[in-house]
Structure formats: structure tokens, C-alpha cells
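Take a look at the structure set out below.
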Amino acid sequence: MKKLSARRRHPLAAVVVLLLALAATGGLYAAFAPASKAQADDTAQSLAIDEGKKLYSVGCASCHGTGGQGTTDGPSLVGVGSAAVDFQVGTGRMPAQQPGAQVPKKKVIYSQAEIDQLAAYVASLGAGPVVPTKSQVSPEGADIAKGGELFRTNCAQCHNFTGQGGALTNGKYAPSLEGVDPKHLYEAMQTGPQSMPSFPDTTMPEQQKRDIIAYVQTVNGAQTENPGGLTLGGLGPVSEGLFAWIFGLGALIALAIWVAAHTAKAKKS
């Protein structure tokens with residue numbers, strides 16, 4: 001019998017080779033496979049923060065400080081959250097043109113992508129209210145009547161009954177809510193810009209905010225009818241009736257005096 005030139009392989013050798021091949025394949029896949037969604041999101045967020053920091057350094061740091069700590073010209077932004085940035089910059093109030101009793105709404109100078117980057121950077125300075133989603137500000141399923149009740153209780157003192165705005169003390173004012181983006185209405189309730197108090201979800205739940213948004217959009221919508229005629233800013237029937245009495249009665253008195261004066265002159269002549 002001829003001597004065997006090689007040793008007989010162990011029966012499990014093929015299994016071991018297969019496992020090693022699979023392990024090598026898995027290692028290669030792990031090395032070259034695309035990043036997971038979470039990793040991609042983290043990378044995108046980091047890039048947004050970096051770009052936002054650049055925009056902040058150019059347009060915001062002179063008033064709010066290089067690290068958002070605030071200065072004598074601007075408050076601290078630590079903990080204000082992305083919602084405050086989206087509201088202030090998205091309505092053109094920031095960057096402010098000049099100091100004053102109240103910063104007015106003006107033309108927006110940043111794109112939405114840049115606003116998102118600024119918001120990402122400021123949000124990285126400290127946790128705060130976040131930009132609402134579309135479902136949070138959607139009027140679908142909202143109770144308009146309940147929203148009107150909530151608005152008259154919490155908002156009408158400054159914005160009047162239909163959100164037309166009004167004067168406040170020391171040169172401040174409550175702006176008109178006509179045509180305001182629902183997202184910005186929600187963010188204003190969340191963050192309380194300027195003289196406005198804030199209404200966090202612990203005080204005013206998300207559903208109530210949606211009810212208020214639906215009410216404001218309804219009373220200021222293009223399809224809204226006003227059978228009473230002149231609204232006088234939507235101040236309500238009592239104020240409008242008082243206006244009619246004061247000016248209407250005053251006009252009648254003035255007319256009566258004019259007629260009486262001219263009648264006396266006619267008799268003398």
C-alpha cells in the first residue's frame with residue numbers, strides 16, 4: 001500500500017473554513033457598508049451646528065456674545081432653544097436693525113436652510129423649546145370654538161379679540177396676527193417673545209395651541225364674513241357701540257349747533 005502524501009482532513013475543517021470566510025466577509029461589510037441612519041443624522045446635525053456657528057459669528061455675536069452668553073446689547077441665548085431662533089430670524093425681527101422699545105417684524109434676510117443652521121447652533125448651547133412639526137401646527141381636528149375661548153382668555157387683552165394687535169405701555173405693542181405662519185404662532189406661544197408671556201406645554205398643552213391657531217386663521221381668513229360692517233379693529237360690540245355713541249352723538253350735536261347759529265344769523269339779517 002502506498003503511503004499517503006497528506007494527512008486526512010478533520011471532518012469539521014470545512015465548517016471552520018466557511019465560518020472564517022463569513023467572518024471576513026462581515027468585517028469587510030462593516031468596513032465598507034454605508035453608515036447607519038443614526039450616524040448619518042448625527043453627522044448632518046454636526047455639520048449644521050458648524051455652519052450655524054459661522055453664521056452666528058457674523059450676524060449675531062456682536063450683540064449676544066461670541067458664545068451666546070449675552071451682552072449689554074443683547075440677552076443670553078443659552079437655553080432659548082431652536083424655536084426662539086426660528087421665530088425671531090424667520091420673521092425678520094433678528095438681526096435687529098437698531099435698539100428700541102420693541103423689535104419690529106421686517107423682511108427676512110436668511111434662507112430657511114440658514115435659519116435651521118442658526119437654530120441648530122443655538123440649540124447646542126442649551127436645551128430649550130424646539131421647532132414644532134407640521135402635525136403640531138396643523139388646524140386639522142382643532143376645535144375653533146374652544147380656540148376662540150382660549151384666545152379671548154389668554155391673548156385678547158393685548159392682541160384684541162380677532163388678533164388685530166394693539167398698543168401697550170412704554171412704546172411697545174402687540175403685533176397683528178393676520179397672515180402669520182402657523183409655525184410662528186406656535187413658536188411665539190412656546191417662547192414668549194419680547195413682552196409676550198410664554199405658554200409651555202405644561203401650561204397650555206399642544207392641542208390647545210392648535211385650537212388657538214385654528215381660531216386665529218379662521219377669524220382672519222379671506223372667507224370670513226363680517227355682517228356688522230366696519231370692524232374698528234375687531235374690538236367687539238361694546239367698544240364699537242361706544243365709538244358710535246361718542247362720534248355719532250358728537251356729530252349730531254355739532255350739526256345742531258351749526259344749524260342754530262346759522263338760523264340766528266338769518267333772523268338778525
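How things are named: the first chain in the C-alpha cells is A, the next is B, and so on; residues count from 1 in each chain; ligands count from 1 in the order shown.
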
Next item on the list: Tell me, as a list of chain:residue names, which residues lie within 8 Å of A:Thr191, counting only C-alpha atoms; anything in the same chain fewer than 2 positions away does not count.
Entry: A:Val80, A:Ala83, A:Ala84, A:Pro129, A:Glu187, A:Ala188, A:Met189, A:Pro193, A:Pro197, A:Ser198, A:Phe199, A:Pro200

Selected residues written out with all heavy atoms, as a PDB file, in the first residue's frame:
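Saved to result23.pdb:
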ATOM      1  N   VAL A  80     -32.546  79.089  25.075  1.00  0.00           N
ATOM      2  CA  VAL A  80     -33.746  79.608  24.408  1.00  0.00           C
ATOM      3  C   VAL A  80     -34.299  78.599  23.409  1.00  0.00           C
ATOM      4  O   VAL A  80     -35.481  78.656  23.049  1.00  0.00           O
ATOM      5  CB  VAL A  80     -33.479  80.953  23.706  1.00  0.00           C
ATOM      6  CG1 VAL A  80     -32.971  81.983  24.685  1.00  0.00           C
ATOM      7  CG2 VAL A  80     -32.498  80.793  22.545  1.00  0.00           C
ATOM      8  N   ALA A  83     -36.683  76.905  18.671  1.00  0.00           N
ATOM      9  CA  ALA A  83     -37.952  77.558  18.333  1.00  0.00           C
ATOM     10  C   ALA A  83     -37.830  79.075  18.390  1.00  0.00           C
ATOM     11  O   ALA A  83     -38.394  79.784  17.550  1.00  0.00           O
ATOM     12  CB  ALA A  83     -39.059  77.080  19.271  1.00  0.00           C
ATOM     13  N   ALA A  84     -37.106  79.591  19.379  1.00  0.00           N
ATOM     14  CA  ALA A  84     -36.942  81.040  19.508  1.00  0.00           C
ATOM     15  C   ALA A  84     -36.170  81.603  18.317  1.00  0.00           C
ATOM     16  O   ALA A  84     -36.504  82.671  17.797  1.00  0.00           O
ATOM     17  CB  ALA A  84     -36.222  81.373  20.813  1.00  0.00           C
ATOM     18  N   PRO A 129     -37.104  75.076  23.968  1.00  0.00           N
ATOM     19  CA  PRO A 129     -38.210  74.704  23.072  1.00  0.00           C
ATOM     20  C   PRO A 129     -37.718  74.459  21.651  1.00  0.00           C
ATOM     21  O   PRO A 129     -36.884  75.202  21.138  1.00  0.00           O
ATOM     22  CB  PRO A 129     -39.148  75.918  23.138  1.00  0.00           C
ATOM     23  CG  PRO A 129     -38.820  76.576  24.434  1.00  0.00           C
ATOM     24  CD  PRO A 129     -37.359  76.360  24.651  1.00  0.00           C
ATOM     25  N   GLU A 187     -44.618  78.901  17.863  1.00  0.00           N
ATOM     26  CA  GLU A 187     -43.328  79.225  18.483  1.00  0.00           C
ATOM     27  C   GLU A 187     -43.446  80.427  19.415  1.00  0.00           C
ATOM     28  O   GLU A 187     -42.784  80.468  20.464  1.00  0.00           O
ATOM     29  CB  GLU A 187     -42.292  79.493  17.393  1.00  0.00           C
ATOM     30  CG  GLU A 187     -41.901  78.243  16.615  1.00  0.00           C
ATOM     31  CD  GLU A 187     -41.107  78.538  15.365  1.00  0.00           C
ATOM     32  OE1 GLU A 187     -41.125  79.700  14.893  1.00  0.00           O
ATOM     33  OE2 GLU A 187     -40.470  77.609  14.835  1.00  0.00           O
ATOM     34  N   ALA A 188     -44.271  81.392  19.043  1.00  0.00           N
ATOM     35  CA  ALA A 188     -44.465  82.552  19.915  1.00  0.00           C
ATOM     36  C   ALA A 188     -45.098  82.136  21.237  1.00  0.00           C
ATOM     37  O   ALA A 188     -44.712  82.627  22.305  1.00  0.00           O
ATOM     38  CB  ALA A 188     -45.333  83.598  19.213  1.00  0.00           C
ATOM     39  N   MET A 189     -46.070  81.231  21.168  1.00  0.00           N
ATOM     40  CA  MET A 189     -46.683  80.745  22.415  1.00  0.00           C
ATOM     41  C   MET A 189     -45.687  79.948  23.243  1.00  0.00           C
ATOM     42  O   MET A 189     -45.707  79.998  24.473  1.00  0.00           O
ATOM     43  CB  MET A 189     -47.915  79.907  22.086  1.00  0.00           C
ATOM     44  CG  MET A 189     -49.111  80.719  21.607  1.00  0.00           C
ATOM     45  SD  MET A 189     -50.614  79.739  21.364  1.00  0.00           S
ATOM     46  CE  MET A 189     -50.342  79.061  19.729  1.00  0.00           C
ATOM     47  N   PRO A 193     -41.967  85.784  22.991  1.00  0.00           N
ATOM     48  CA  PRO A 193     -41.037  86.825  22.532  1.00  0.00           C
ATOM     49  C   PRO A 193     -41.384  88.198  23.084  1.00  0.00           C
ATOM     50  O   PRO A 193     -42.551  88.546  23.239  1.00  0.00           O
ATOM     51  CB  PRO A 193     -41.220  86.785  21.007  1.00  0.00           C
ATOM     52  CG  PRO A 193     -42.609  86.265  20.810  1.00  0.00           C
ATOM     53  CD  PRO A 193     -42.841  85.285  21.918  1.00  0.00           C
ATOM     54  N   PRO A 197     -45.939  86.755  27.347  1.00  0.00           N
ATOM     55  CA  PRO A 197     -45.606  85.648  28.247  1.00  0.00           C
ATOM     56  C   PRO A 197     -45.517  84.334  27.476  1.00  0.00           C
ATOM     57  O   PRO A 197     -46.082  84.204  26.388  1.00  0.00           O
ATOM     58  CB  PRO A 197     -46.790  85.622  29.229  1.00  0.00           C
ATOM     59  CG  PRO A 197     -47.920  86.202  28.447  1.00  0.00           C
ATOM     60  CD  PRO A 197     -47.314  87.245  27.551  1.00  0.00           C
ATOM     61  N   SER A 198     -44.783  83.384  28.009  1.00  0.00           N
ATOM     62  CA  SER A 198     -44.652  82.089  27.347  1.00  0.00           C
ATOM     63  C   SER A 198     -45.718  81.123  27.870  1.00  0.00           C
ATOM     64  O   SER A 198     -46.155  81.219  29.018  1.00  0.00           O
ATOM     65  CB  SER A 198     -43.263  81.500  27.593  1.00  0.00           C
ATOM     66  OG  SER A 198     -43.034  81.292  28.976  1.00  0.00           O
ATOM     67  N   PHE A 199     -46.131  80.205  26.998  1.00  0.00           N
ATOM     68  CA  PHE A 199     -47.129  79.200  27.340  1.00  0.00           C
ATOM     69  C   PHE A 199     -46.572  77.820  26.991  1.00  0.00           C
ATOM     70  O   PHE A 199     -46.905  77.257  25.946  1.00  0.00           O
ATOM     71  CB  PHE A 199     -48.432  79.447  26.576  1.00  0.00           C
ATOM     72  CG  PHE A 199     -49.092  80.764  26.893  1.00  0.00           C
ATOM     73  CD1 PHE A 199     -48.810  81.906  26.161  1.00  0.00           C
ATOM     74  CD2 PHE A 199     -49.986  80.855  27.952  1.00  0.00           C
ATOM     75  CE1 PHE A 199     -49.409  83.116  26.444  1.00  0.00           C
ATOM     76  CE2 PHE A 199     -50.598  82.067  28.247  1.00  0.00           C
ATOM     77  CZ  PHE A 199     -50.314  83.203  27.505  1.00  0.00           C
ATOM     78  N   PRO A 200     -45.699  77.276  27.834  1.00  0.00           N
ATOM     79  CA  PRO A 200     -45.149  75.941  27.558  1.00  0.00           C
ATOM     80  C   PRO A 200     -46.238  74.878  27.618  1.00  0.00           C
ATOM     81  O   PRO A 200     -47.366  75.144  28.064  1.00  0.00           O
ATOM     82  CB  PRO A 200     -44.111  75.755  28.676  1.00  0.00           C
ATOM     83  CG  PRO A 200     -44.589  76.652  29.776  1.00  0.00           C
ATOM     84  CD  PRO A 200     -45.212  77.834  29.103  1.00  0.00           C
TER      85      PRO A 200
END

Report as CSV: every residue of stretch 46-93 of chain A with an atom at most 9 Å from stretch 131-150 of chain A, its closest pair of atoms, and their distance in Å to one decimal, counting only C-alpha atoms, with rows sorted by chain and ascending residue number.
residue,atom,partner,partner_atom,distance
A:Gly81,CA,A:Val131,CA,8.3
A:Ser82,CA,A:Val131,CA,5.8
A:Ala83,CA,A:Val131,CA,4.3
A:Ala84,CA,A:Val131,CA,8.1
A:Val85,CA,A:Val131,CA,8.9
A:Asp86,CA,A:Val131,CA,7.0
A:Phe87,CA,A:Val131,CA,8.8

Next item on the list: Using atom CA of A:Gln112 and atom CA of A:Cys60 as the two end points, give the distance in Å to one decimal.
Entry: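 Atom CA of A:Gln112 sits 16.6 Å away from atom CA of A:Cys60.
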
Check: Which of these residues is nearest to A:Asp201, using only C-alpha atoms: A:Val130, A:Val259, A:Ala251, A:Ala119?
Finding: A:Val130

Check: DSSP on the backbone: what in stretch 142-225 of chain A comes out helix (DSSP H, G or I), as a VMD selection string?
Finding: chain A and resid 144 to 154 156 to 159 182 to 191 206 to 219

Could you save the residues just selected, with N, CA, C and O atoms, as a compact mmCIF listing (two decimals), in the first residue's frame?
# COMPACT_ATOMS: atom_id res chain seq x y z
N ILE A 144 -62.26 75.07 16.84
CA ILE A 144 -62.17 76.52 16.64
C ILE A 144 -62.89 77.27 17.76
O ILE A 144 -62.40 78.31 18.24
N ALA A 145 -64.03 76.77 18.19
CA ALA A 145 -64.78 77.44 19.27
C ALA A 145 -63.97 77.44 20.56
O ALA A 145 -63.90 78.45 21.26
N LYS A 146 -63.36 76.30 20.87
CA LYS A 146 -62.50 76.23 22.06
C LYS A 146 -61.31 77.15 21.91
O LYS A 146 -60.89 77.81 22.87
N GLY A 147 -60.75 77.20 20.68
CA GLY A 147 -59.63 78.11 20.44
C GLY A 147 -60.00 79.55 20.66
O GLY A 147 -59.21 80.33 21.20
N GLY A 148 -61.23 79.93 20.25
CA GLY A 148 -61.69 81.30 20.49
C GLY A 148 -61.80 81.61 21.97
O GLY A 148 -61.43 82.70 22.42
N GLU A 149 -62.29 80.65 22.71
CA GLU A 149 -62.41 80.83 24.17
C GLU A 149 -61.03 81.01 24.80
O GLU A 149 -60.83 81.89 25.64
N LEU A 150 -60.09 80.16 24.39
CA LEU A 150 -58.73 80.25 24.93
C LEU A 150 -58.07 81.56 24.52
O LEU A 150 -57.36 82.19 25.32
N PHE A 151 -58.30 81.98 23.29
CA PHE A 151 -57.70 83.23 22.80
C PHE A 151 -58.24 84.42 23.57
O PHE A 151 -57.48 85.30 23.97
N ARG A 152 -59.53 84.47 23.77
CA ARG A 152 -60.13 85.61 24.50
C ARG A 152 -59.66 85.63 25.95
O ARG A 152 -59.57 86.71 26.55
N THR A 153 -59.37 84.48 26.51
CA THR A 153 -58.93 84.41 27.90
C THR A 153 -57.47 84.79 28.06
O THR A 153 -57.10 85.49 29.02
N ASN A 154 -56.63 84.35 27.13
CA ASN A 154 -55.18 84.48 27.31
C ASN A 154 -54.50 85.51 26.39
O ASN A 154 -53.39 85.95 26.70
N ALA A 156 -56.45 88.06 24.08
CA ALA A 156 -57.20 89.22 23.59
C ALA A 156 -56.85 90.50 24.33
O ALA A 156 -57.03 91.60 23.80
N GLN A 157 -56.34 90.40 25.56
CA GLN A 157 -56.00 91.60 26.31
C GLN A 157 -54.99 92.45 25.57
O GLN A 157 -54.98 93.68 25.69
N CYS A 158 -54.11 91.81 24.80
CA CYS A 158 -53.08 92.54 24.05
C CYS A 158 -53.36 92.56 22.55
O CYS A 158 -53.22 93.60 21.91
N HIS A 159 -53.74 91.41 22.00
CA HIS A 159 -53.92 91.31 20.55
C HIS A 159 -55.34 91.64 20.10
O HIS A 159 -55.61 91.63 18.92
N PRO A 182 -48.60 79.64 10.80
CA PRO A 182 -48.99 78.86 11.98
C PRO A 182 -47.80 78.39 12.82
O PRO A 182 -47.89 78.34 14.04
N LYS A 183 -46.69 78.07 12.16
CA LYS A 183 -45.50 77.64 12.89
C LYS A 183 -45.00 78.75 13.80
O LYS A 183 -44.62 78.51 14.95
N HIS A 184 -45.03 79.99 13.31
CA HIS A 184 -44.56 81.12 14.11
C HIS A 184 -45.53 81.43 15.25
O HIS A 184 -45.11 81.88 16.32
N LEU A 185 -46.82 81.22 15.02
CA LEU A 185 -47.78 81.39 16.12
C LEU A 185 -47.49 80.40 17.24
O LEU A 185 -47.50 80.76 18.42
N TYR A 186 -47.23 79.17 16.87
CA TYR A 186 -46.93 78.13 17.87
C TYR A 186 -45.64 78.48 18.61
O TYR A 186 -45.57 78.38 19.85
N GLU A 187 -44.62 78.90 17.86
CA GLU A 187 -43.33 79.22 18.48
C GLU A 187 -43.45 80.43 19.41
O GLU A 187 -42.78 80.47 20.46
N ALA A 188 -44.27 81.39 19.04
CA ALA A 188 -44.47 82.55 19.92
C ALA A 188 -45.10 82.14 21.24
O ALA A 188 -44.71 82.63 22.30
N MET A 189 -46.07 81.23 21.17
CA MET A 189 -46.68 80.75 22.42
C MET A 189 -45.69 79.95 23.24
O MET A 189 -45.71 80.00 24.47
N GLN A 190 -44.79 79.22 22.57
CA GLN A 190 -43.81 78.41 23.28
C GLN A 190 -42.74 79.27 23.96
O GLN A 190 -42.31 78.96 25.07
N THR A 191 -42.29 80.32 23.27
CA THR A 191 -41.11 81.05 23.73
C THR A 191 -41.41 82.40 24.37
O THR A 191 -40.56 82.92 25.10
N GLU A 206 -50.37 71.06 23.80
CA GLU A 206 -50.25 71.18 22.34
C GLU A 206 -51.60 71.32 21.65
O GLU A 206 -51.75 72.13 20.74
N GLN A 207 -52.60 70.55 22.08
CA GLN A 207 -53.91 70.62 21.46
C GLN A 207 -54.54 71.99 21.60
O GLN A 207 -55.17 72.51 20.67
N GLN A 208 -54.37 72.62 22.75
CA GLN A 208 -54.93 73.96 22.96
C GLN A 208 -54.24 74.99 22.06
O GLN A 208 -54.90 75.91 21.56
N LYS A 209 -52.95 74.83 21.85
CA LYS A 209 -52.24 75.73 20.93
C LYS A 209 -52.79 75.56 19.52
O LYS A 209 -52.98 76.55 18.80
N ARG A 210 -53.06 74.34 19.12
CA ARG A 210 -53.61 74.09 17.79
C ARG A 210 -55.01 74.69 17.67
O ARG A 210 -55.39 75.22 16.62
N ASP A 211 -55.78 74.63 18.75
CA ASP A 211 -57.12 75.24 18.74
C ASP A 211 -57.02 76.76 18.54
O ASP A 211 -57.80 77.35 17.77
N ILE A 212 -56.08 77.39 19.22
CA ILE A 212 -55.90 78.84 19.09
C ILE A 212 -55.46 79.20 17.68
O ILE A 212 -55.95 80.17 17.08
N ILE A 213 -54.54 78.44 17.13
CA ILE A 213 -54.07 78.70 15.76
C ILE A 213 -55.23 78.60 14.77
O ILE A 213 -55.38 79.43 13.88
N ALA A 214 -56.05 77.56 14.94
CA ALA A 214 -57.20 77.40 14.05
C ALA A 214 -58.16 78.58 14.18
O ALA A 214 -58.71 79.06 13.16
N TYR A 215 -58.37 79.09 15.38
CA TYR A 215 -59.26 80.23 15.58
C TYR A 215 -58.70 81.48 14.91
O TYR A 215 -59.42 82.20 14.20
N VAL A 216 -57.41 81.76 15.13
CA VAL A 216 -56.79 82.95 14.54
C VAL A 216 -56.86 82.90 13.02
O VAL A 216 -57.16 83.90 12.36
N GLN A 217 -56.59 81.73 12.45
CA GLN A 217 -56.65 81.60 11.00
C GLN A 217 -58.07 81.78 10.47
O GLN A 217 -58.28 82.33 9.39
N THR A 218 -59.04 81.34 11.24
CA THR A 218 -60.44 81.42 10.80
C THR A 218 -60.94 82.86 10.82
O THR A 218 -61.52 83.34 9.84
N VAL A 219 -60.71 83.57 11.92
CA VAL A 219 -61.26 84.93 12.03
C VAL A 219 -60.52 85.92 11.13
O VAL A 219 -61.06 86.99 10.82

Next item on the list: Could you tell me how far atom CA of A:Gln102 lies from atom CA of A:Val89, in Å and to one decimal?
Entry: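 Here the two named atoms are 14.8 Å from each other.
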
Item checked: Non-local contacts of stretch 176-180 of chain A (7 Å; only C-alpha atoms; under 6 positions in same chain excluded) as a list of chain:residue names -> A:His159, A:Gly163, A:Gln164, A:Gly165, A:Asn220
